[in-house]
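Have a look at start_8.cif below; it lists mmCIF, C-alpha atoms and all ligand atoms.
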data_coords
#
loop_
_atom_site.label_atom_id
_atom_site.label_comp_id
_atom_site.auth_asym_id
_atom_site.auth_seq_id
_atom_site.Cartn_x
_atom_site.Cartn_y
_atom_site.Cartn_z
CA MET A 8 -59.04 -22.95 -31.22
CA LYS A 9 -59.90 -23.52 -27.58
CA ALA A 10 -58.12 -21.51 -24.88
CA ILE A 11 -58.52 -20.75 -21.20
CA VAL A 12 -59.36 -17.06 -21.11
CA TYR A 13 -59.78 -14.68 -18.19
CA THR A 14 -61.13 -11.16 -18.63
CA GLU A 15 -61.22 -10.09 -14.98
CA TYR A 16 -58.91 -10.65 -12.05
CA GLY A 17 -60.09 -13.00 -9.33
CA PRO A 18 -60.33 -16.56 -7.97
CA PRO A 19 -59.76 -19.66 -10.16
CA ASP A 20 -63.33 -19.49 -11.52
CA VAL A 21 -62.39 -16.47 -13.67
CA LEU A 22 -60.64 -19.00 -15.94
CA GLN A 23 -63.11 -19.93 -18.69
CA LEU A 24 -62.81 -22.21 -21.69
CA LYS A 25 -63.48 -20.12 -24.82
CA GLU A 26 -63.13 -20.27 -28.56
CA VAL A 27 -60.51 -17.78 -29.78
CA GLU A 28 -58.70 -17.17 -33.05
CA THR A 29 -55.87 -19.56 -33.87
CA PRO A 30 -52.63 -17.54 -34.15
CA VAL A 31 -50.94 -17.32 -37.53
CA PRO A 32 -47.14 -17.69 -37.54
CA GLY A 33 -45.04 -14.84 -38.92
CA ASP A 34 -42.20 -15.48 -41.35
CA ARG A 35 -39.75 -16.35 -38.55
CA GLU A 36 -42.25 -18.08 -36.26
CA ALA A 37 -43.41 -21.62 -35.65
CA LEU A 38 -47.02 -22.54 -34.91
CA ILE A 39 -46.99 -25.09 -32.08
CA ARG A 40 -49.79 -27.46 -31.18
CA VAL A 41 -49.65 -27.48 -27.38
CA HIS A 42 -49.83 -30.88 -25.66
CA ALA A 43 -49.04 -29.89 -22.06
CA VAL A 44 -48.57 -26.72 -19.99
CA SER A 45 -47.48 -26.43 -16.40
CA VAL A 46 -49.14 -24.28 -13.77
CA ASN A 47 -46.65 -21.99 -12.02
CA ILE A 48 -46.84 -19.38 -9.29
CA GLY A 49 -46.66 -16.68 -12.01
CA ASP A 50 -50.01 -17.92 -13.40
CA ILE A 51 -51.58 -17.73 -9.96
CA TRP A 52 -50.28 -14.19 -9.37
CA ALA A 53 -51.17 -12.94 -12.87
CA ARG A 54 -54.71 -14.34 -12.48
CA ASN A 55 -55.24 -12.02 -9.52
CA PHE A 56 -52.66 -9.30 -10.04
CA LYS A 57 -54.90 -6.56 -8.66
CA GLU A 58 -54.43 -8.14 -5.20
CA ILE A 59 -50.63 -7.95 -5.50
CA SER A 60 -49.74 -4.67 -3.84
CA PRO A 61 -46.16 -3.34 -4.02
CA ARG A 62 -45.73 -4.78 -0.50
CA LYS A 63 -46.90 -8.26 -1.52
CA PHE A 64 -44.94 -8.13 -4.80
CA SER A 65 -41.86 -10.36 -4.63
CA MET A 66 -39.57 -7.82 -6.32
CA PRO A 67 -38.53 -4.19 -5.66
CA PHE A 68 -41.20 -1.50 -6.17
CA PRO A 69 -39.61 -0.10 -9.40
CA LEU A 70 -40.37 -3.50 -10.96
CA TRP A 71 -43.96 -3.63 -9.63
CA LEU A 72 -45.10 -0.66 -11.69
CA PRO A 73 -44.02 -1.99 -15.12
CA ALA A 74 -45.36 -5.44 -14.20
CA ARG A 75 -48.71 -3.93 -13.23
CA MET A 76 -48.78 -1.88 -16.44
CA MET A 77 -47.95 -4.96 -18.48
CA PHE A 78 -50.57 -7.18 -16.82
CA GLY A 79 -53.21 -4.43 -16.57
CA PHE A 80 -54.40 -2.24 -13.67
CA SER A 81 -58.08 -3.04 -13.20
CA LYS A 82 -58.48 -5.74 -15.85
CA PRO A 83 -55.99 -8.24 -17.25
CA LYS A 84 -54.37 -7.23 -20.53
CA ILE A 85 -52.90 -10.68 -21.08
CA ASN A 86 -55.97 -12.89 -21.26
CA VAL A 87 -54.42 -16.34 -21.63
CA LEU A 88 -52.04 -17.65 -18.94
CA GLY A 89 -49.37 -20.37 -19.21
CA SER A 90 -45.64 -19.99 -19.82
CA ASP A 91 -44.08 -23.46 -19.75
CA PHE A 92 -45.20 -25.70 -22.58
CA ALA A 93 -44.43 -28.79 -24.61
CA GLY A 94 -45.97 -29.61 -27.96
CA GLU A 95 -45.42 -30.30 -31.60
CA VAL A 96 -44.56 -27.92 -34.43
CA GLU A 97 -47.62 -27.73 -36.69
CA ALA A 98 -46.38 -25.23 -39.29
CA VAL A 99 -43.52 -22.78 -39.79
CA GLY A 100 -43.12 -19.36 -41.42
CA LYS A 101 -41.17 -19.13 -44.67
CA ASP A 102 -37.88 -18.00 -43.06
CA VAL A 103 -37.75 -20.56 -40.24
CA GLN A 104 -34.72 -22.85 -40.45
CA ARG A 105 -34.24 -24.40 -37.02
CA LEU A 106 -37.68 -26.05 -36.67
CA LYS A 107 -39.92 -28.05 -38.98
CA PRO A 108 -43.46 -29.43 -38.86
CA GLY A 109 -43.66 -32.54 -36.68
CA ASP A 110 -40.78 -31.56 -34.37
CA PRO A 111 -41.54 -32.28 -30.70
CA VAL A 112 -40.51 -29.15 -28.75
CA PHE A 113 -40.63 -27.61 -25.30
CA GLY A 114 -40.24 -23.99 -24.32
CA TYR A 115 -40.92 -21.01 -22.14
CA ARG A 116 -42.87 -17.84 -22.95
CA GLY A 117 -42.02 -15.86 -19.81
CA PRO A 118 -44.42 -13.04 -18.95
CA ALA A 119 -45.89 -13.06 -22.49
CA MET A 120 -47.76 -16.23 -21.39
CA GLY A 121 -50.52 -17.55 -23.71
CA ALA A 122 -49.80 -21.29 -23.50
CA ASN A 123 -53.15 -22.32 -21.95
CA ALA A 124 -54.42 -22.85 -25.47
CA GLU A 125 -54.44 -25.40 -28.26
CA TYR A 126 -51.91 -23.44 -30.34
CA LEU A 127 -49.25 -20.78 -29.82
CA CYS A 128 -46.63 -19.08 -31.98
CA MET A 129 -42.95 -18.85 -31.03
CA SER A 130 -40.16 -16.99 -32.77
CA GLU A 131 -37.51 -19.48 -33.82
CA ASP A 132 -35.02 -17.29 -31.90
CA GLY A 133 -37.11 -17.66 -28.76
CA LEU A 134 -36.98 -20.14 -25.92
CA VAL A 135 -38.17 -23.17 -27.87
CA VAL A 136 -36.01 -26.20 -28.66
CA LEU A 137 -36.46 -29.91 -29.34
CA LYS A 138 -38.01 -31.71 -26.36
CA PRO A 139 -35.90 -34.23 -24.40
CA GLY A 140 -36.34 -37.62 -26.05
CA ASN A 141 -36.73 -39.41 -22.70
CA MET A 142 -39.65 -37.31 -21.40
CA THR A 143 -43.34 -37.29 -22.17
CA TYR A 144 -44.90 -33.96 -23.18
CA GLU A 145 -46.30 -33.64 -19.66
CA GLN A 146 -42.93 -34.18 -17.99
CA ALA A 147 -41.20 -31.86 -20.45
CA ALA A 148 -43.72 -29.04 -19.90
CA ALA A 149 -42.74 -29.08 -16.22
CA VAL A 150 -39.10 -28.24 -16.86
CA PRO A 151 -38.27 -24.95 -18.68
CA TYR A 152 -39.23 -22.09 -16.32
CA GLY A 153 -37.81 -23.63 -13.14
CA ALA A 154 -34.66 -25.03 -14.74
CA LEU A 155 -33.87 -21.89 -16.78
CA THR A 156 -34.32 -19.60 -13.78
CA ALA A 157 -32.43 -21.90 -11.39
CA LEU A 158 -29.54 -22.32 -13.82
CA ASN A 159 -29.20 -18.57 -14.37
CA LEU A 160 -29.38 -17.72 -10.69
CA LEU A 161 -27.04 -20.51 -9.54
CA ARG A 162 -24.45 -19.19 -12.00
CA LYS A 163 -24.75 -15.78 -10.29
CA GLY A 164 -24.32 -17.54 -6.94
CA ASN A 165 -20.96 -18.91 -8.14
CA LEU A 166 -21.57 -22.45 -6.94
CA GLN A 167 -18.45 -24.66 -6.83
CA ARG A 168 -18.02 -28.45 -6.75
CA GLY A 169 -17.99 -29.87 -3.22
CA GLN A 170 -19.76 -26.89 -1.64
CA LYS A 171 -22.64 -27.17 0.80
CA VAL A 172 -25.88 -25.61 -0.41
CA LEU A 173 -29.20 -25.02 1.30
CA ILE A 174 -32.25 -24.35 -0.86
CA ASN A 175 -35.10 -22.65 1.00
CA GLY A 176 -38.14 -23.49 -1.12
CA ALA A 177 -36.85 -26.73 -2.65
CA SER A 178 -40.26 -28.16 -3.57
CA GLY A 179 -41.23 -25.34 -5.94
CA ALA A 180 -40.47 -24.87 -9.63
CA ILE A 181 -37.15 -23.03 -9.20
CA GLY A 182 -36.09 -24.83 -6.02
CA SER A 183 -36.66 -28.36 -7.36
CA ALA A 184 -34.58 -27.52 -10.44
CA ALA A 185 -31.91 -25.73 -8.38
CA LEU A 186 -31.60 -28.81 -6.19
CA GLN A 187 -30.97 -31.09 -9.16
CA LEU A 188 -28.61 -28.62 -10.87
CA ALA A 189 -26.65 -28.14 -7.64
CA LYS A 190 -26.31 -31.95 -7.34
CA TYR A 191 -25.15 -32.06 -10.96
CA PHE A 192 -22.53 -29.36 -10.21
CA GLY A 193 -21.23 -31.56 -7.37
CA ALA A 194 -22.72 -29.85 -4.32
CA ASP A 195 -24.07 -31.35 -1.12
CA VAL A 196 -27.68 -30.17 -1.01
CA THR A 197 -30.14 -29.59 1.82
CA GLY A 198 -33.70 -28.83 0.73
CA VAL A 199 -36.19 -26.90 2.84
CA CYS A 200 -39.99 -27.00 2.34
CA SER A 201 -43.16 -27.80 4.29
CA THR A 202 -44.38 -31.32 5.19
CA PRO A 203 -46.28 -32.27 1.97
CA GLY A 204 -43.21 -31.67 -0.22
CA LEU A 205 -40.60 -33.57 1.83
CA GLU A 206 -40.83 -36.90 -0.02
CA TYR A 207 -40.80 -35.10 -3.38
CA VAL A 208 -37.62 -33.20 -2.46
CA LYS A 209 -35.97 -36.44 -1.27
CA ALA A 210 -36.97 -38.16 -4.51
CA LEU A 211 -35.25 -35.38 -6.47
CA GLY A 212 -31.96 -36.27 -4.77
CA ALA A 213 -31.58 -33.93 -1.79
CA ASP A 214 -28.93 -35.14 0.66
CA ARG A 215 -31.04 -33.81 3.53
CA VAL A 216 -34.48 -32.26 3.90
CA ILE A 217 -35.76 -29.82 6.51
CA ASP A 218 -39.43 -29.17 7.21
CA TYR A 219 -39.69 -25.43 7.83
CA THR A 220 -42.89 -25.92 9.83
CA LYS A 221 -40.93 -27.98 12.39
CA GLU A 222 -37.36 -26.76 12.29
CA ASP A 223 -35.62 -23.42 11.78
CA PHE A 224 -32.56 -24.14 9.62
CA THR A 225 -30.82 -21.03 10.95
CA ARG A 226 -30.70 -22.59 14.43
CA ASN A 227 -29.42 -26.11 13.81
CA GLY A 228 -25.71 -25.23 13.92
CA GLU A 229 -25.04 -26.20 10.26
CA THR A 230 -23.20 -23.84 7.90
CA TYR A 231 -23.48 -23.56 4.12
CA ASP A 232 -21.39 -22.04 1.32
CA LEU A 233 -24.58 -20.99 -0.44
CA ILE A 234 -28.06 -20.38 0.90
CA PHE A 235 -30.48 -20.00 -2.01
CA ASP A 236 -33.75 -18.54 -0.79
CA ILE A 237 -36.37 -18.78 -3.52
CA MET A 238 -39.23 -16.80 -1.94
CA GLY A 239 -37.09 -14.57 0.27
CA ARG A 240 -38.77 -15.94 3.40
CA SER A 241 -35.59 -15.93 5.49
CA SER A 242 -33.38 -12.89 6.07
CA PHE A 243 -29.69 -12.19 5.69
CA SER A 244 -29.35 -11.21 9.34
CA ARG A 245 -30.86 -14.55 10.47
CA CYS A 246 -28.88 -16.56 7.91
CA LYS A 247 -25.47 -14.98 8.54
CA GLY A 248 -24.63 -17.49 11.28
CA SER A 249 -25.49 -20.36 8.89
CA LEU A 250 -23.09 -19.14 6.19
CA THR A 251 -19.41 -20.06 5.97
CA PRO A 252 -17.07 -17.01 6.26
CA ASN A 253 -17.23 -16.38 2.47
CA GLY A 254 -20.72 -17.80 2.01
CA ARG A 255 -23.31 -16.28 -0.33
CA TYR A 256 -26.96 -15.57 0.41
CA LEU A 257 -28.67 -15.79 -3.00
CA LEU A 258 -32.21 -14.55 -3.51
CA ALA A 259 -34.62 -15.30 -6.37
CA SER A 260 -37.20 -13.03 -4.82
CA PHE A 261 -35.85 -9.82 -3.32
CA LYS A 262 -36.78 -6.33 -2.18
CA THR A 263 -35.03 -2.96 -2.29
CA THR A 264 -33.44 -3.59 1.14
CA HIS A 265 -31.74 -6.70 -0.27
CA LEU A 266 -30.25 -4.58 -3.07
CA PHE A 267 -28.71 -2.27 -0.44
CA GLN A 268 -27.42 -5.34 1.42
CA MET A 269 -25.92 -6.62 -1.83
CA LEU A 270 -24.20 -3.28 -2.41
CA TRP A 271 -22.94 -3.11 1.16
CA THR A 272 -21.64 -6.70 1.26
CA SER A 273 -19.94 -6.22 -2.13
CA LEU A 274 -17.87 -3.43 -0.54
CA THR A 275 -16.98 -5.39 2.58
CA GLY A 276 -15.19 -8.75 2.82
CA GLY A 277 -16.85 -11.99 3.90
CA ARG A 278 -20.43 -13.12 3.43
CA LYS A 279 -22.26 -11.69 0.41
CA VAL A 280 -25.88 -11.05 -0.54
CA VAL A 281 -26.59 -11.79 -4.21
CA CYS A 282 -29.82 -10.65 -5.91
CA ALA A 283 -30.16 -11.31 -9.61
CA LEU A 284 -32.66 -11.39 -12.42
CA SER A 285 -32.58 -14.42 -14.65
CA SER A 286 -31.96 -13.75 -18.35
CA GLU A 287 -32.65 -16.94 -20.24
CA ARG A 288 -31.15 -17.89 -23.61
CA PRO A 289 -32.13 -20.70 -25.99
CA GLN A 290 -28.71 -22.35 -25.51
CA ASP A 291 -29.52 -22.66 -21.77
CA LEU A 292 -32.59 -24.68 -22.72
CA VAL A 293 -30.46 -26.88 -24.98
CA PHE A 294 -28.08 -27.46 -22.05
CA ILE A 295 -31.07 -28.34 -19.82
CA ARG A 296 -32.35 -30.78 -22.44
CA GLU A 297 -28.94 -32.47 -22.45
CA LEU A 298 -29.03 -32.78 -18.66
CA VAL A 299 -32.52 -34.28 -18.83
CA GLU A 300 -31.39 -36.77 -21.47
CA ALA A 301 -28.37 -37.65 -19.32
CA GLY A 302 -30.75 -38.39 -16.41
CA LYS A 303 -29.48 -35.46 -14.32
CA ILE A 304 -32.78 -33.57 -14.26
CA LYS A 305 -36.15 -35.22 -13.86
CA SER A 306 -39.63 -33.88 -13.41
CA ILE A 307 -42.20 -35.47 -11.17
CA VAL A 308 -45.78 -34.71 -12.15
CA ASP A 309 -48.09 -34.73 -9.16
CA ARG A 310 -51.42 -34.08 -10.91
CA ARG A 311 -52.58 -33.57 -14.46
CA TYR A 312 -55.84 -31.87 -15.44
CA PRO A 313 -57.42 -31.46 -18.89
CA LEU A 314 -57.16 -27.84 -20.11
CA GLU A 315 -60.85 -27.22 -19.47
CA GLN A 316 -60.25 -27.92 -15.75
CA ALA A 317 -57.66 -25.14 -15.43
CA ALA A 318 -59.60 -23.58 -12.52
CA GLU A 319 -59.40 -26.89 -10.63
CA ALA A 320 -55.66 -27.10 -11.33
CA HIS A 321 -55.18 -23.57 -9.95
CA ARG A 322 -57.17 -24.48 -6.83
CA TYR A 323 -54.97 -27.51 -6.25
CA PHE A 324 -51.78 -25.48 -6.82
CA GLU A 325 -52.95 -22.93 -4.27
CA SER A 326 -53.97 -25.57 -1.71
CA GLY A 327 -50.35 -26.02 -0.64
CA ASP A 328 -50.75 -29.83 -0.90
CA LYS A 329 -48.88 -30.36 -4.16
CA LYS A 330 -46.03 -32.85 -4.21
CA GLY A 331 -44.57 -32.14 -7.63
CA LYS A 332 -45.70 -30.36 -10.75
CA VAL A 333 -49.28 -29.54 -11.72
CA ILE A 334 -49.89 -29.96 -15.45
CA LEU A 335 -52.67 -29.06 -17.87
CA THR A 336 -53.02 -31.44 -20.79
CA VAL A 337 -54.36 -30.09 -24.05
N1 LIG A 401 -34.87 -13.52 -9.92
C1 LIG A 401 -35.53 -13.92 -10.98
O1 LIG A 401 -35.11 -13.72 -12.14
C2 LIG A 401 -36.83 -14.66 -10.81
C3 LIG A 401 -37.43 -15.27 -11.92
C4 LIG A 401 -38.61 -15.96 -11.73
C5 LIG A 401 -39.19 -16.01 -10.47
N2 LIG A 401 -38.59 -15.39 -9.42
C6 LIG A 401 -39.18 -15.42 -8.08
O2 LIG A 401 -39.23 -16.78 -7.66
C7 LIG A 401 -40.33 -16.94 -6.81
C8 LIG A 401 -41.19 -18.13 -7.29
O3 LIG A 401 -40.45 -19.30 -7.25
P1 LIG A 401 -41.13 -20.68 -7.68
O4 LIG A 401 -41.75 -20.49 -9.01
O5 LIG A 401 -40.17 -21.75 -7.45
O6 LIG A 401 -42.35 -20.74 -6.64
P2 LIG A 401 -43.18 -22.02 -6.18
O7 LIG A 401 -43.16 -23.07 -7.23
O8 LIG A 401 -44.48 -21.51 -5.68
O9 LIG A 401 -42.33 -22.57 -4.94
C9 LIG A 401 -42.23 -21.85 -3.74
C10 LIG A 401 -41.36 -22.62 -2.78
O10 LIG A 401 -41.18 -21.85 -1.59
C11 LIG A 401 -41.51 -22.66 -0.47
N3 LIG A 401 -41.97 -21.83 0.65
C12 LIG A 401 -43.14 -21.20 0.80
N4 LIG A 401 -43.16 -20.57 2.00
C13 LIG A 401 -41.97 -20.82 2.59
C14 LIG A 401 -41.38 -20.45 3.83
N5 LIG A 401 -42.01 -19.69 4.72
N6 LIG A 401 -40.13 -20.92 4.11
C15 LIG A 401 -39.47 -21.69 3.23
N7 LIG A 401 -39.97 -22.07 2.03
C16 LIG A 401 -41.20 -21.63 1.72
C17 LIG A 401 -42.56 -23.61 -0.99
O11 LIG A 401 -42.61 -24.76 -0.15
P3 LIG A 401 -44.02 -25.30 0.40
O12 LIG A 401 -44.90 -25.43 -0.82
O13 LIG A 401 -43.67 -26.58 1.02
O14 LIG A 401 -44.53 -24.24 1.33
C18 LIG A 401 -41.97 -23.95 -2.36
O15 LIG A 401 -40.95 -24.90 -2.22
C19 LIG A 401 -41.15 -15.68 -6.87
O16 LIG A 401 -40.95 -14.95 -5.68
C20 LIG A 401 -40.61 -14.97 -8.07
O17 LIG A 401 -40.69 -13.56 -7.93
C21 LIG A 401 -37.42 -14.73 -9.57
#

For the file at hand, write its structure as structure tokens.
Amino acid sequence: MKAIVYTEYGPPDVLQLKEVETPVPGDREALIRVHAVSVNIGDIWARNFKEISPRKFSMPFPLWLPARMMFGFSKPKINVLGSDFAGEVEAVGKDVQRLKPGDPVFGYRGPAMGANAEYLCMSEDGLVVLKPGNMTYEQAAAVPYGALTALNLLRKGNLQRGQKVLINGASGAIGSAALQLAKYFGADVTGVCSTPGLEYVKALGADRVIDYTKEDFTRNGETYDLIFDIMGRSSFSRCKGSLTPNGRYLLASFKTTHLFQMLWTSLTGGRKVVCALSSERPQDLVFIRELVEAGKIKSIVDRRYPLEQAAEAHRYFESGDKKGKVILTV
């Protein structure tokens, strides 16, 4: 089968179209013919992991080391990128009960990656379920990672109906899903991103948008019950004044200092820092599919590239100009 392979870390051109062996499903696995894969920040980072120092890494140092060991120190160990996919079940192992050949599915492979290929194998207990009936493969491939992570983290942020939420990083994979989920849970949502993403964030249903290149949301006098910072680009000290007295400052990307702040604020009353790791379950993906089918979550594809132009897709993702999801079609 054809796959986009990289054998050294570096710029987008390290991504090469190659012929590799088609995987064979185990007894409890399904072989999936991939139709679409989304490009996410994790692909960009994994492609050049040797440049990600503990300082640049978006998580505490104790998580950098295992990540670096998993992805490889001087050369990549995982040679095919791509986590979010949609496709069709081609064949199943003898013990598979939940899936059958011909089923349209979508799913998420997490750090195992490997979806930038014509075929992949998924355990039937993994994050793979029937695709939403009202989405194309391309639209569906744009959903799982962002929606699963946003759903898990919003639950940890204890969002309640009628609350005011600010999402710092609302045009990205997690932020765009968090925005739609927060609207579904009955919140009033302000989305923050840079100029190219403003229209996209509005189209997803934000009540208000703020361009972080023009306005500092911590200085506009507004207060929020929940500030969800996706990339950790703000700080708790700056955001305190923008939180209601019992407001939560939720981080998708956090450092060791944030963990100390979380510990400290859990011991004191008032505003809280919440750092959490998402732990996705297949039933979360089923719930997300139901929300998609009910029209509560949509995905807006900005650009699509054929698999062989993966390098071009990475360049566009990194340009900062994207206004929605970037998809590879297989
Ligand atoms: N806790 C967990 O379990 C977990 C799981 C997965 C990922 N993560 C973390 O989530 C992060 C990736 O999120 P993602 O996939 O949504 O990334 P993404 O798709 O690249 O989106 C990043 C978002 O951040 C915005 N942004 C960039 N610089 C900003 C700034 N200075 N101020 C405000 N917003 C800014 C971007 O807006 P513009 O494009 O307009 O600049 C965009 O909306 C990573 O740090 C990763 O470590 C955490």

Residue among A:Phe113, A:Tyr207, A:Phe235, A:Tyr219 lying closest to ligand LIG 401 (chain A), counting all atoms listed in the file: A:Tyr219

Polymer residues at most 8 Å from stretch 115-127 of chain A, all atoms listed in the file, same-chain spacing of 6 or more positions, as a PyMOL selection string: chain A and resi 8-11+29-30+38-42+44+85-92+134-135+151-152+314+335+337

Output C-alpha atoms of each residue in that selection to a file, as a compact mmCIF listing (two decimals), in the frame of the given file.
# COMPACT_ATOMS: atom_id res chain seq x y z
CA MET A 8 -59.04 -22.95 -31.22
CA LYS A 9 -59.90 -23.52 -27.58
CA ALA A 10 -58.12 -21.51 -24.88
CA ILE A 11 -58.52 -20.75 -21.20
CA THR A 29 -55.87 -19.56 -33.87
CA PRO A 30 -52.63 -17.54 -34.15
CA LEU A 38 -47.02 -22.54 -34.91
CA ILE A 39 -46.99 -25.09 -32.08
CA ARG A 40 -49.79 -27.46 -31.18
CA VAL A 41 -49.65 -27.48 -27.38
CA HIS A 42 -49.83 -30.88 -25.66
CA VAL A 44 -48.57 -26.72 -19.99
CA ILE A 85 -52.90 -10.68 -21.08
CA ASN A 86 -55.97 -12.89 -21.26
CA VAL A 87 -54.42 -16.34 -21.63
CA LEU A 88 -52.04 -17.65 -18.94
CA GLY A 89 -49.37 -20.37 -19.21
CA SER A 90 -45.64 -19.99 -19.82
CA ASP A 91 -44.08 -23.46 -19.75
CA PHE A 92 -45.20 -25.70 -22.58
CA LEU A 134 -36.98 -20.14 -25.92
CA VAL A 135 -38.17 -23.17 -27.87
CA PRO A 151 -38.27 -24.95 -18.68
CA TYR A 152 -39.23 -22.09 -16.32
CA LEU A 314 -57.16 -27.84 -20.11
CA LEU A 335 -52.67 -29.06 -17.87
CA VAL A 337 -54.36 -30.09 -24.05

Test item: residues lying within 9 Å of ligand LIG 401 (chain A) with only C-alpha atoms and all ligand atoms, as a PyMOL selection string: chain A and resi 46-49+64-66+117+152-153+155-157+159-160+174-184+198-205+208+218-220+236-241+258-261+282-286+324-325+327-330+332

Atomic distance atom CA of A:Glu287 - atom CA of A:Leu188, expressed in Å with one decimal: 15.5 Å

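Minimum atom-to-atom distances from A:Arg54, A:Lys107, A:Arg255, A:Lys84 to A:Glu36 were compared using all atoms listed in the file, and the lowest value belongs to A:Lys107.
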
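Within the 10 Å cut-off around A:Pro313, using all atoms listed in the file and omitting residues fewer than 6 positions from it on the same chain, the listed residues are Ala43, Glu319, Ala320, Ile334, Leu335, Thr336 and Val337 of chain A.
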